[in-house]
file input_20.txt (compact mmCIF, N, CA and C atoms)
# COMPACT_ATOMS: atom_id res chain seq x y z
N MET Z 13 62.97 -39.37 17.84
CA MET Z 13 62.81 -40.00 19.13
C MET Z 13 63.88 -41.05 19.36
N GLY Z 14 64.33 -41.68 18.35
CA GLY Z 14 65.43 -42.63 18.50
C GLY Z 14 64.96 -44.03 18.84
N PRO Z 15 65.92 -44.94 18.99
CA PRO Z 15 65.58 -46.33 19.32
C PRO Z 15 65.09 -46.45 20.77
N TRP Z 16 64.38 -47.53 21.02
CA TRP Z 16 63.82 -47.76 22.35
C TRP Z 16 64.94 -48.12 23.32
N SER Z 17 64.82 -47.60 24.54
CA SER Z 17 65.79 -47.95 25.59
C SER Z 17 65.38 -49.28 26.24
N GLY Z 18 66.26 -49.79 27.05
CA GLY Z 18 65.96 -51.04 27.75
C GLY Z 18 64.77 -50.90 28.70
N LEU Z 19 64.67 -49.75 29.38
CA LEU Z 19 63.55 -49.53 30.30
C LEU Z 19 62.22 -49.43 29.56
N GLU Z 20 62.24 -48.81 28.39
CA GLU Z 20 61.02 -48.72 27.59
C GLU Z 20 60.57 -50.10 27.12
N LYS Z 21 61.52 -50.95 26.76
CA LYS Z 21 61.18 -52.31 26.34
C LYS Z 21 60.63 -53.12 27.51
N LYS Z 22 61.22 -52.94 28.72
CA LYS Z 22 60.69 -53.62 29.91
C LYS Z 22 59.26 -53.16 30.20
N ALA Z 23 59.02 -51.85 30.10
CA ALA Z 23 57.68 -51.32 30.36
C ALA Z 23 56.69 -51.88 29.35
N LEU Z 24 57.08 -51.96 28.08
CA LEU Z 24 56.22 -52.54 27.05
C LEU Z 24 55.91 -53.99 27.36
N LEU Z 25 56.92 -54.75 27.76
CA LEU Z 25 56.73 -56.17 28.08
C LEU Z 25 55.75 -56.32 29.25
N LEU Z 26 55.93 -55.50 30.28
CA LEU Z 26 55.02 -55.58 31.43
C LEU Z 26 53.58 -55.23 31.04
N MET Z 27 53.41 -54.21 30.20
CA MET Z 27 52.07 -53.85 29.75
C MET Z 27 51.45 -54.96 28.91
N LEU Z 28 52.24 -55.58 28.05
CA LEU Z 28 51.71 -56.68 27.22
C LEU Z 28 51.33 -57.88 28.07
N ILE Z 29 52.12 -58.16 29.10
CA ILE Z 29 51.78 -59.26 30.01
C ILE Z 29 50.46 -58.95 30.73
N ALA Z 30 50.31 -57.73 31.23
CA ALA Z 30 49.09 -57.36 31.93
C ALA Z 30 47.88 -57.43 30.99
N ILE Z 31 48.01 -56.89 29.79
CA ILE Z 31 46.90 -56.93 28.84
C ILE Z 31 46.55 -58.36 28.45
N SER Z 32 47.56 -59.20 28.26
CA SER Z 32 47.31 -60.60 27.93
C SER Z 32 46.57 -61.31 29.06
N LEU Z 33 46.98 -61.05 30.29
CA LEU Z 33 46.30 -61.67 31.42
C LEU Z 33 44.86 -61.15 31.57
N TRP Z 34 44.66 -59.86 31.29
CA TRP Z 34 43.29 -59.32 31.36
C TRP Z 34 42.42 -59.91 30.25
N LEU Z 35 42.98 -60.13 29.08
CA LEU Z 35 42.20 -60.69 27.96
C LEU Z 35 41.85 -62.15 28.18
N THR Z 36 42.69 -62.87 28.92
CA THR Z 36 42.45 -64.30 29.14
C THR Z 36 41.85 -64.57 30.52
N ASP Z 37 41.10 -63.64 31.04
CA ASP Z 37 40.50 -63.77 32.37
C ASP Z 37 39.59 -64.98 32.46
N MET Z 38 38.88 -65.31 31.37
CA MET Z 38 37.96 -66.43 31.42
C MET Z 38 38.68 -67.77 31.55
N VAL Z 39 39.97 -67.80 31.31
CA VAL Z 39 40.74 -69.04 31.42
C VAL Z 39 41.27 -69.23 32.84
N HIS Z 40 41.89 -68.19 33.41
CA HIS Z 40 42.56 -68.35 34.70
C HIS Z 40 41.76 -67.76 35.86
N HIS Z 41 40.78 -66.92 35.63
CA HIS Z 41 39.89 -66.33 36.66
C HIS Z 41 40.64 -65.56 37.74
N VAL Z 42 41.75 -64.93 37.39
CA VAL Z 42 42.46 -64.06 38.32
C VAL Z 42 41.85 -62.67 38.19
N SER Z 43 41.59 -62.05 39.32
CA SER Z 43 40.97 -60.73 39.34
C SER Z 43 41.82 -59.71 38.57
N PRO Z 44 41.19 -58.85 37.77
CA PRO Z 44 41.96 -57.80 37.08
C PRO Z 44 42.70 -56.88 38.05
N ALA Z 45 42.14 -56.64 39.21
CA ALA Z 45 42.82 -55.80 40.20
C ALA Z 45 44.10 -56.47 40.69
N VAL Z 46 44.06 -57.77 40.90
CA VAL Z 46 45.24 -58.51 41.34
C VAL Z 46 46.32 -58.48 40.25
N ILE Z 47 45.89 -58.62 39.01
CA ILE Z 47 46.85 -58.56 37.90
C ILE Z 47 47.51 -57.18 37.85
N GLY Z 48 46.69 -56.12 37.96
CA GLY Z 48 47.24 -54.76 37.94
C GLY Z 48 48.20 -54.52 39.08
N LEU Z 49 47.84 -54.95 40.29
CA LEU Z 49 48.73 -54.79 41.43
C LEU Z 49 50.01 -55.59 41.26
N GLY Z 50 49.87 -56.81 40.76
CA GLY Z 50 51.05 -57.66 40.56
C GLY Z 50 52.02 -57.07 39.56
N VAL Z 51 51.50 -56.62 38.43
CA VAL Z 51 52.38 -56.02 37.42
C VAL Z 51 52.96 -54.71 37.94
N GLY Z 52 52.17 -53.92 38.64
CA GLY Z 52 52.67 -52.67 39.21
C GLY Z 52 53.76 -52.90 40.24
N LEU Z 53 53.57 -53.90 41.10
CA LEU Z 53 54.60 -54.22 42.09
C LEU Z 53 55.84 -54.80 41.42
N PHE Z 54 55.65 -55.60 40.39
CA PHE Z 54 56.79 -56.15 39.66
C PHE Z 54 57.59 -55.04 39.00
N ALA Z 55 56.90 -53.98 38.57
CA ALA Z 55 57.58 -52.87 37.90
C ALA Z 55 58.48 -52.08 38.84
N VAL Z 56 58.25 -52.16 40.14
CA VAL Z 56 59.08 -51.40 41.08
C VAL Z 56 60.10 -52.28 41.80
N LEU Z 57 60.19 -53.55 41.44
CA LEU Z 57 61.21 -54.40 42.04
C LEU Z 57 62.60 -53.95 41.62
N PRO Z 58 63.53 -53.93 42.55
CA PRO Z 58 64.90 -53.53 42.19
C PRO Z 58 65.51 -54.49 41.17
N ARG Z 59 66.20 -53.95 40.20
CA ARG Z 59 66.92 -54.66 39.15
C ARG Z 59 66.05 -55.44 38.19
N VAL Z 60 64.77 -55.63 38.50
CA VAL Z 60 63.88 -56.35 37.62
C VAL Z 60 62.92 -55.40 36.93
N GLY Z 61 62.41 -54.45 37.68
CA GLY Z 61 61.37 -53.57 37.20
C GLY Z 61 61.88 -52.37 36.42
N VAL Z 62 60.97 -51.46 36.19
CA VAL Z 62 61.24 -50.28 35.37
C VAL Z 62 61.82 -49.14 36.21
N LEU Z 63 61.44 -49.05 37.45
CA LEU Z 63 61.89 -47.94 38.31
C LEU Z 63 63.10 -48.35 39.13
N ASP Z 64 63.99 -47.41 39.38
CA ASP Z 64 65.12 -47.68 40.26
C ASP Z 64 64.90 -46.97 41.59
N MET Z 65 65.87 -47.10 42.50
CA MET Z 65 65.71 -46.55 43.84
C MET Z 65 65.55 -45.04 43.85
N ASP Z 66 66.24 -44.36 42.98
CA ASP Z 66 66.13 -42.90 42.94
C ASP Z 66 64.72 -42.47 42.52
N ASP Z 67 64.12 -43.20 41.59
CA ASP Z 67 62.74 -42.89 41.19
C ASP Z 67 61.78 -43.10 42.35
N LEU Z 68 61.97 -44.18 43.10
CA LEU Z 68 61.09 -44.46 44.24
C LEU Z 68 61.27 -43.44 45.36
N LYS Z 69 62.49 -42.94 45.53
CA LYS Z 69 62.72 -41.93 46.57
C LYS Z 69 62.07 -40.60 46.22
N ARG Z 70 61.98 -40.29 44.94
CA ARG Z 70 61.37 -39.03 44.52
C ARG Z 70 59.85 -39.08 44.49
N LEU Z 71 59.27 -40.25 44.58
CA LEU Z 71 57.82 -40.41 44.49
C LEU Z 71 57.15 -39.90 45.76
N ASN Z 72 56.08 -39.13 45.62
CA ASN Z 72 55.30 -38.64 46.76
C ASN Z 72 54.23 -39.68 47.08
N TYR Z 73 54.37 -40.36 48.19
CA TYR Z 73 53.47 -41.46 48.55
C TYR Z 73 52.20 -40.99 49.26
N LEU Z 74 52.16 -39.75 49.74
CA LEU Z 74 51.00 -39.28 50.49
C LEU Z 74 49.69 -39.34 49.69
N PRO Z 75 49.66 -38.91 48.42
CA PRO Z 75 48.40 -39.03 47.68
C PRO Z 75 47.95 -40.49 47.50
N VAL Z 76 48.90 -41.38 47.36
CA VAL Z 76 48.56 -42.80 47.20
C VAL Z 76 47.89 -43.30 48.48
N PHE Z 77 48.48 -43.01 49.62
CA PHE Z 77 47.90 -43.46 50.89
C PHE Z 77 46.58 -42.77 51.19
N PHE Z 78 46.45 -41.49 50.82
CA PHE Z 78 45.20 -40.78 51.05
C PHE Z 78 44.05 -41.41 50.27
N VAL Z 79 44.27 -41.68 48.98
CA VAL Z 79 43.23 -42.29 48.16
C VAL Z 79 42.90 -43.69 48.68
N ALA Z 80 43.92 -44.44 49.04
CA ALA Z 80 43.68 -45.79 49.57
C ALA Z 80 42.87 -45.75 50.86
N ALA Z 81 43.19 -44.80 51.74
CA ALA Z 81 42.46 -44.68 53.00
C ALA Z 81 41.01 -44.24 52.76
N ALA Z 82 40.80 -43.31 51.85
CA ALA Z 82 39.44 -42.83 51.57
C ALA Z 82 38.58 -43.93 50.96
N VAL Z 83 39.13 -44.67 50.01
CA VAL Z 83 38.37 -45.76 49.39
C VAL Z 83 38.11 -46.87 50.40
N SER Z 84 39.11 -47.18 51.23
CA SER Z 84 38.92 -48.22 52.25
C SER Z 84 37.86 -47.82 53.27
N MET Z 85 37.88 -46.55 53.67
CA MET Z 85 36.88 -46.07 54.63
C MET Z 85 35.47 -46.16 54.03
N GLY Z 86 35.34 -45.78 52.78
CA GLY Z 86 34.05 -45.91 52.12
C GLY Z 86 33.60 -47.35 52.02
N GLN Z 87 34.55 -48.26 51.73
CA GLN Z 87 34.21 -49.68 51.64
C GLN Z 87 33.80 -50.24 53.00
N VAL Z 88 34.46 -49.80 54.06
CA VAL Z 88 34.09 -50.24 55.41
C VAL Z 88 32.67 -49.77 55.73
N LEU Z 89 32.36 -48.52 55.42
CA LEU Z 89 31.02 -48.01 55.69
C LEU Z 89 29.97 -48.74 54.86
N ALA Z 90 30.29 -49.08 53.64
CA ALA Z 90 29.34 -49.81 52.80
C ALA Z 90 29.16 -51.24 53.30
N SER Z 91 30.24 -51.89 53.70
CA SER Z 91 30.17 -53.28 54.17
C SER Z 91 29.42 -53.42 55.49
N THR Z 92 29.57 -52.44 56.36
CA THR Z 92 28.91 -52.51 57.67
C THR Z 92 27.50 -51.94 57.65
N LYS Z 93 27.04 -51.50 56.48
CA LYS Z 93 25.72 -50.92 56.30
C LYS Z 93 25.56 -49.57 57.00
N ALA Z 94 26.65 -49.00 57.50
CA ALA Z 94 26.59 -47.67 58.11
C ALA Z 94 26.30 -46.62 57.04
N LEU Z 95 26.77 -46.85 55.84
CA LEU Z 95 26.51 -45.92 54.75
C LEU Z 95 25.02 -45.88 54.41
N ASP Z 96 24.36 -47.04 54.46
CA ASP Z 96 22.92 -47.07 54.22
C ASP Z 96 22.17 -46.31 55.30
N LEU Z 97 22.60 -46.44 56.53
CA LEU Z 97 21.97 -45.72 57.63
C LEU Z 97 22.13 -44.21 57.45
N LEU Z 98 23.35 -43.77 57.12
CA LEU Z 98 23.57 -42.34 56.89
C LEU Z 98 22.74 -41.83 55.71
N THR Z 99 22.64 -42.64 54.68
CA THR Z 99 21.86 -42.24 53.51
C THR Z 99 20.38 -42.11 53.86
N ASN Z 100 19.86 -43.07 54.61
CA ASN Z 100 18.44 -43.01 55.00
C ASN Z 100 18.15 -41.81 55.88
N VAL Z 101 19.04 -41.50 56.80
CA VAL Z 101 18.85 -40.33 57.67
C VAL Z 101 18.88 -39.06 56.85
N MET Z 102 19.86 -38.96 55.95
CA MET Z 102 19.98 -37.77 55.11
C MET Z 102 18.78 -37.63 54.18
N PHE Z 103 18.33 -38.74 53.60
CA PHE Z 103 17.23 -38.68 52.65
C PHE Z 103 15.90 -38.41 53.35
N ALA Z 104 15.76 -38.80 54.62
CA ALA Z 104 14.50 -38.62 55.34
C ALA Z 104 14.14 -37.14 55.46
N TRP Z 105 15.08 -36.29 55.72
CA TRP Z 105 14.75 -34.86 55.85
C TRP Z 105 14.72 -34.18 54.49
N MET Z 106 15.39 -34.72 53.48
CA MET Z 106 15.42 -34.09 52.17
C MET Z 106 14.16 -34.39 51.35
N GLU Z 107 13.59 -35.55 51.53
CA GLU Z 107 12.49 -36.00 50.68
C GLU Z 107 11.30 -35.04 50.67
N PRO Z 108 10.85 -34.51 51.80
CA PRO Z 108 9.71 -33.58 51.75
C PRO Z 108 10.02 -32.28 51.00
N LEU Z 109 11.29 -31.90 50.92
CA LEU Z 109 11.66 -30.66 50.24
C LEU Z 109 11.74 -30.82 48.73
N MET Z 110 11.79 -32.05 48.25
CA MET Z 110 11.95 -32.29 46.82
C MET Z 110 10.59 -32.58 46.20
N THR Z 111 9.91 -31.52 45.77
CA THR Z 111 8.57 -31.67 45.22
C THR Z 111 8.56 -31.65 43.70
N ASN Z 112 9.54 -31.00 43.09
CA ASN Z 112 9.62 -30.98 41.63
C ASN Z 112 11.09 -30.99 41.23
N ILE Z 113 11.35 -30.93 39.95
CA ILE Z 113 12.73 -31.05 39.48
C ILE Z 113 13.59 -29.87 39.92
N TYR Z 114 13.01 -28.69 40.02
CA TYR Z 114 13.79 -27.50 40.40
C TYR Z 114 14.15 -27.52 41.89
N SER Z 115 13.18 -27.83 42.73
CA SER Z 115 13.49 -27.89 44.16
C SER Z 115 14.41 -29.07 44.46
N SER Z 116 14.24 -30.17 43.73
CA SER Z 116 15.13 -31.32 43.92
C SER Z 116 16.57 -30.96 43.57
N THR Z 117 16.73 -30.25 42.48
CA THR Z 117 18.08 -29.84 42.07
C THR Z 117 18.71 -28.94 43.11
N LEU Z 118 17.96 -27.97 43.61
CA LEU Z 118 18.49 -27.06 44.62
C LEU Z 118 18.83 -27.78 45.92
N VAL Z 119 17.92 -28.64 46.37
CA VAL Z 119 18.15 -29.35 47.64
C VAL Z 119 19.36 -30.27 47.52
N LEU Z 120 19.46 -31.03 46.45
CA LEU Z 120 20.60 -31.94 46.29
C LEU Z 120 21.91 -31.17 46.16
N TYR Z 121 21.91 -30.08 45.41
CA TYR Z 121 23.13 -29.30 45.23
C TYR Z 121 23.60 -28.70 46.54
N TRP Z 122 22.72 -28.00 47.24
CA TRP Z 122 23.13 -27.32 48.46
C TRP Z 122 23.42 -28.30 49.60
N THR Z 123 22.76 -29.44 49.60
CA THR Z 123 23.09 -30.46 50.60
C THR Z 123 24.49 -31.00 50.36
N ALA Z 124 24.81 -31.29 49.09
CA ALA Z 124 26.16 -31.76 48.78
C ALA Z 124 27.20 -30.69 49.10
N PHE Z 125 26.88 -29.43 48.81
CA PHE Z 125 27.80 -28.34 49.12
C PHE Z 125 28.04 -28.23 50.62
N ALA Z 126 26.97 -28.23 51.41
CA ALA Z 126 27.10 -28.09 52.86
C ALA Z 126 27.76 -29.32 53.47
N TYR Z 127 27.55 -30.47 52.87
CA TYR Z 127 28.09 -31.72 53.41
C TYR Z 127 29.61 -31.73 53.38
N HIS Z 128 30.21 -30.99 52.48
CA HIS Z 128 31.66 -30.97 52.39
C HIS Z 128 32.32 -30.22 53.55
N PHE Z 129 31.55 -29.50 54.34
CA PHE Z 129 32.11 -28.79 55.47
C PHE Z 129 32.09 -29.63 56.75
N PHE Z 130 31.46 -30.82 56.70
CA PHE Z 130 31.48 -31.71 57.86
C PHE Z 130 32.87 -32.32 57.98
N PRO Z 131 33.33 -32.55 59.21
CA PRO Z 131 34.65 -33.18 59.36
C PRO Z 131 34.60 -34.64 58.92
N GLY Z 132 35.73 -35.16 58.50
CA GLY Z 132 35.82 -36.57 58.12
C GLY Z 132 36.54 -36.73 56.80
N GLU Z 133 36.55 -37.95 56.31
CA GLU Z 133 37.24 -38.28 55.08
C GLU Z 133 36.45 -37.78 53.87
N ARG Z 134 37.13 -37.16 52.93
CA ARG Z 134 36.48 -36.64 51.72
C ARG Z 134 35.94 -37.78 50.86
N GLY Z 135 36.62 -38.89 50.83
CA GLY Z 135 36.13 -40.02 50.05
C GLY Z 135 34.81 -40.57 50.57
N VAL Z 136 34.66 -40.54 51.89
CA VAL Z 136 33.41 -41.00 52.49
C VAL Z 136 32.28 -40.06 52.11
N HIS Z 137 32.57 -38.75 52.10
CA HIS Z 137 31.56 -37.78 51.68
C HIS Z 137 31.11 -38.05 50.26
N ALA Z 138 32.05 -38.33 49.38
CA ALA Z 138 31.71 -38.59 47.99
C ALA Z 138 30.85 -39.84 47.87
N TRP Z 139 31.18 -40.88 48.62
CA TRP Z 139 30.37 -42.10 48.58
C TRP Z 139 28.96 -41.79 49.09
N HIS Z 140 28.87 -41.01 50.17
CA HIS Z 140 27.57 -40.77 50.78
C HIS Z 140 26.70 -39.90 49.88
N VAL Z 141 27.24 -38.84 49.33
CA VAL Z 141 26.46 -37.97 48.44
C VAL Z 141 26.01 -38.77 47.22
N ASN Z 142 26.87 -39.62 46.70
CA ASN Z 142 26.51 -40.46 45.57
C ASN Z 142 25.38 -41.42 45.94
N SER Z 143 25.43 -42.01 47.12
CA SER Z 143 24.37 -42.94 47.50
C SER Z 143 23.06 -42.21 47.75
N VAL Z 144 23.11 -40.98 48.24
CA VAL Z 144 21.89 -40.18 48.40
C VAL Z 144 21.27 -39.89 47.04
N ALA Z 145 22.09 -39.51 46.09
CA ALA Z 145 21.59 -39.25 44.74
C ALA Z 145 21.01 -40.51 44.11
N ASN Z 146 21.65 -41.65 44.32
CA ASN Z 146 21.12 -42.91 43.80
C ASN Z 146 19.79 -43.24 44.45
N GLU Z 147 19.69 -43.01 45.74
CA GLU Z 147 18.43 -43.26 46.46
C GLU Z 147 17.32 -42.36 45.91
N PHE Z 148 17.64 -41.10 45.67
CA PHE Z 148 16.66 -40.18 45.12
C PHE Z 148 16.20 -40.65 43.74
N CYS Z 149 17.14 -41.03 42.88
CA CYS Z 149 16.78 -41.49 41.54
C CYS Z 149 15.93 -42.75 41.60
N TYR Z 150 16.22 -43.64 42.56
CA TYR Z 150 15.44 -44.85 42.70
C TYR Z 150 14.00 -44.54 43.10
N HIS Z 151 13.83 -43.63 44.07
CA HIS Z 151 12.49 -43.32 44.56
C HIS Z 151 11.69 -42.46 43.58
N SER Z 152 12.36 -41.62 42.83
CA SER Z 152 11.62 -40.75 41.91
C SER Z 152 11.50 -41.35 40.53
N ARG Z 153 12.10 -42.54 40.30
CA ARG Z 153 12.01 -43.26 39.03
C ARG Z 153 12.55 -42.43 37.86
N ILE Z 154 13.68 -41.73 38.10
CA ILE Z 154 14.30 -40.95 37.03
C ILE Z 154 15.05 -41.88 36.12

call {"tool": "encode", "arguments": {"input": "input_20.txt", "output": "structure tokens"}}
result
Amino acid sequence: MGPWSGLEKKALLLMLIAISLWLTDMVHHVSPAVIGLGVGLFAVLPRVGVLDMDDLKRLNYLPVFFVAAAVSMGQVLASTKALDLLTNVMFAWMEPLMTNIYSSTLVLYWTAFAYHFFPGERGVHAWHVNSVANEFCYHSRI
């Protein structure tokens, strides 16, 4: 493999800084997400970071923005309590159909399957199906 290159040493230094900051969270109280974003942004700075302009030009940014938009949309729905409303509506018609473990499994599976055909953000669907399952587990004491 040979000796370490300068970029590999920079990447190691950035990882050690991030890990050190995460380990000392009780001292400085900086959010781990902020530390991760800061180190990640520092890594892409020109002449300072690990990536150069050619690397950034080759990067496909669409998946990054898609995931960010889906997570943000789910967070907006959760913060505005719209997700709770959708969960309650969905659970209201499902609850009478779930009489035992077998019917519950079928109803939850096919509801989640059919729900993916509704228009909208896929991340929101995942949040909603997860909250329906959590609601079911809470009510059935599983």

call {"tool": "atom_distance", "arguments": {"input": "input_20.txt", "atom1": "atom CA of Z:Ala23", "atom2": "atom CA of Z:Phe54"}}
result
10.5 Å

call {"tool": "select_by_dssp", "arguments": {"input": "input_20.txt", "residues": "chain Z", "states": "alpha helix (DSSP H)", "output": "MDAnalysis selection string"}}
result
chainID Z and resid 18:35 37:40 44:55 65:70 74:91 94:106 113:127 134:152

call {"tool": "residues_around", "arguments": {"input": "input_20.txt", "residues": "Z:Ile29", "least_positions_apart": "6", "cutoff": "8 Å", "atoms": "all atoms listed in the file", "output": "list in words"}}
result
Ala23, Leu35, Ile47 and Val51 of chain Z

call {"tool": "closest_residue", "arguments": {"input": "input_20.txt", "among": "Z:Gly61, Z:Gly48, Z:Pro75, Z:Pro108", "to": "Z:Leu19", "atoms": "only N, CA and C atoms"}}
result
Z:Gly61

call {"tool": "atom_distance", "arguments": {"input": "input_20.txt", "atom1": "atom CA of Z:Leu120", "atom2": "atom CA of Z:Met106"}}
result
8.1 Å

call {"tool": "atom_distance", "arguments": {"input": "input_20.txt", "atom1": "atom CA of Z:Gly50", "atom2": "atom C of Z:Ala30"}}
result
10.1 Å

call {"tool": "axis_aligned_box", "arguments": {"input": "input_20.txt", "around": "stretch 76-79 of chain Z", "padding_each_side": "5 Å", "output": "JSON"}}
result
{"center_x": 45.9, "center_y": -42.2, "center_z": 49.2, "size_x": 16.0, "size_y": 12.9, "size_z": 14.0}
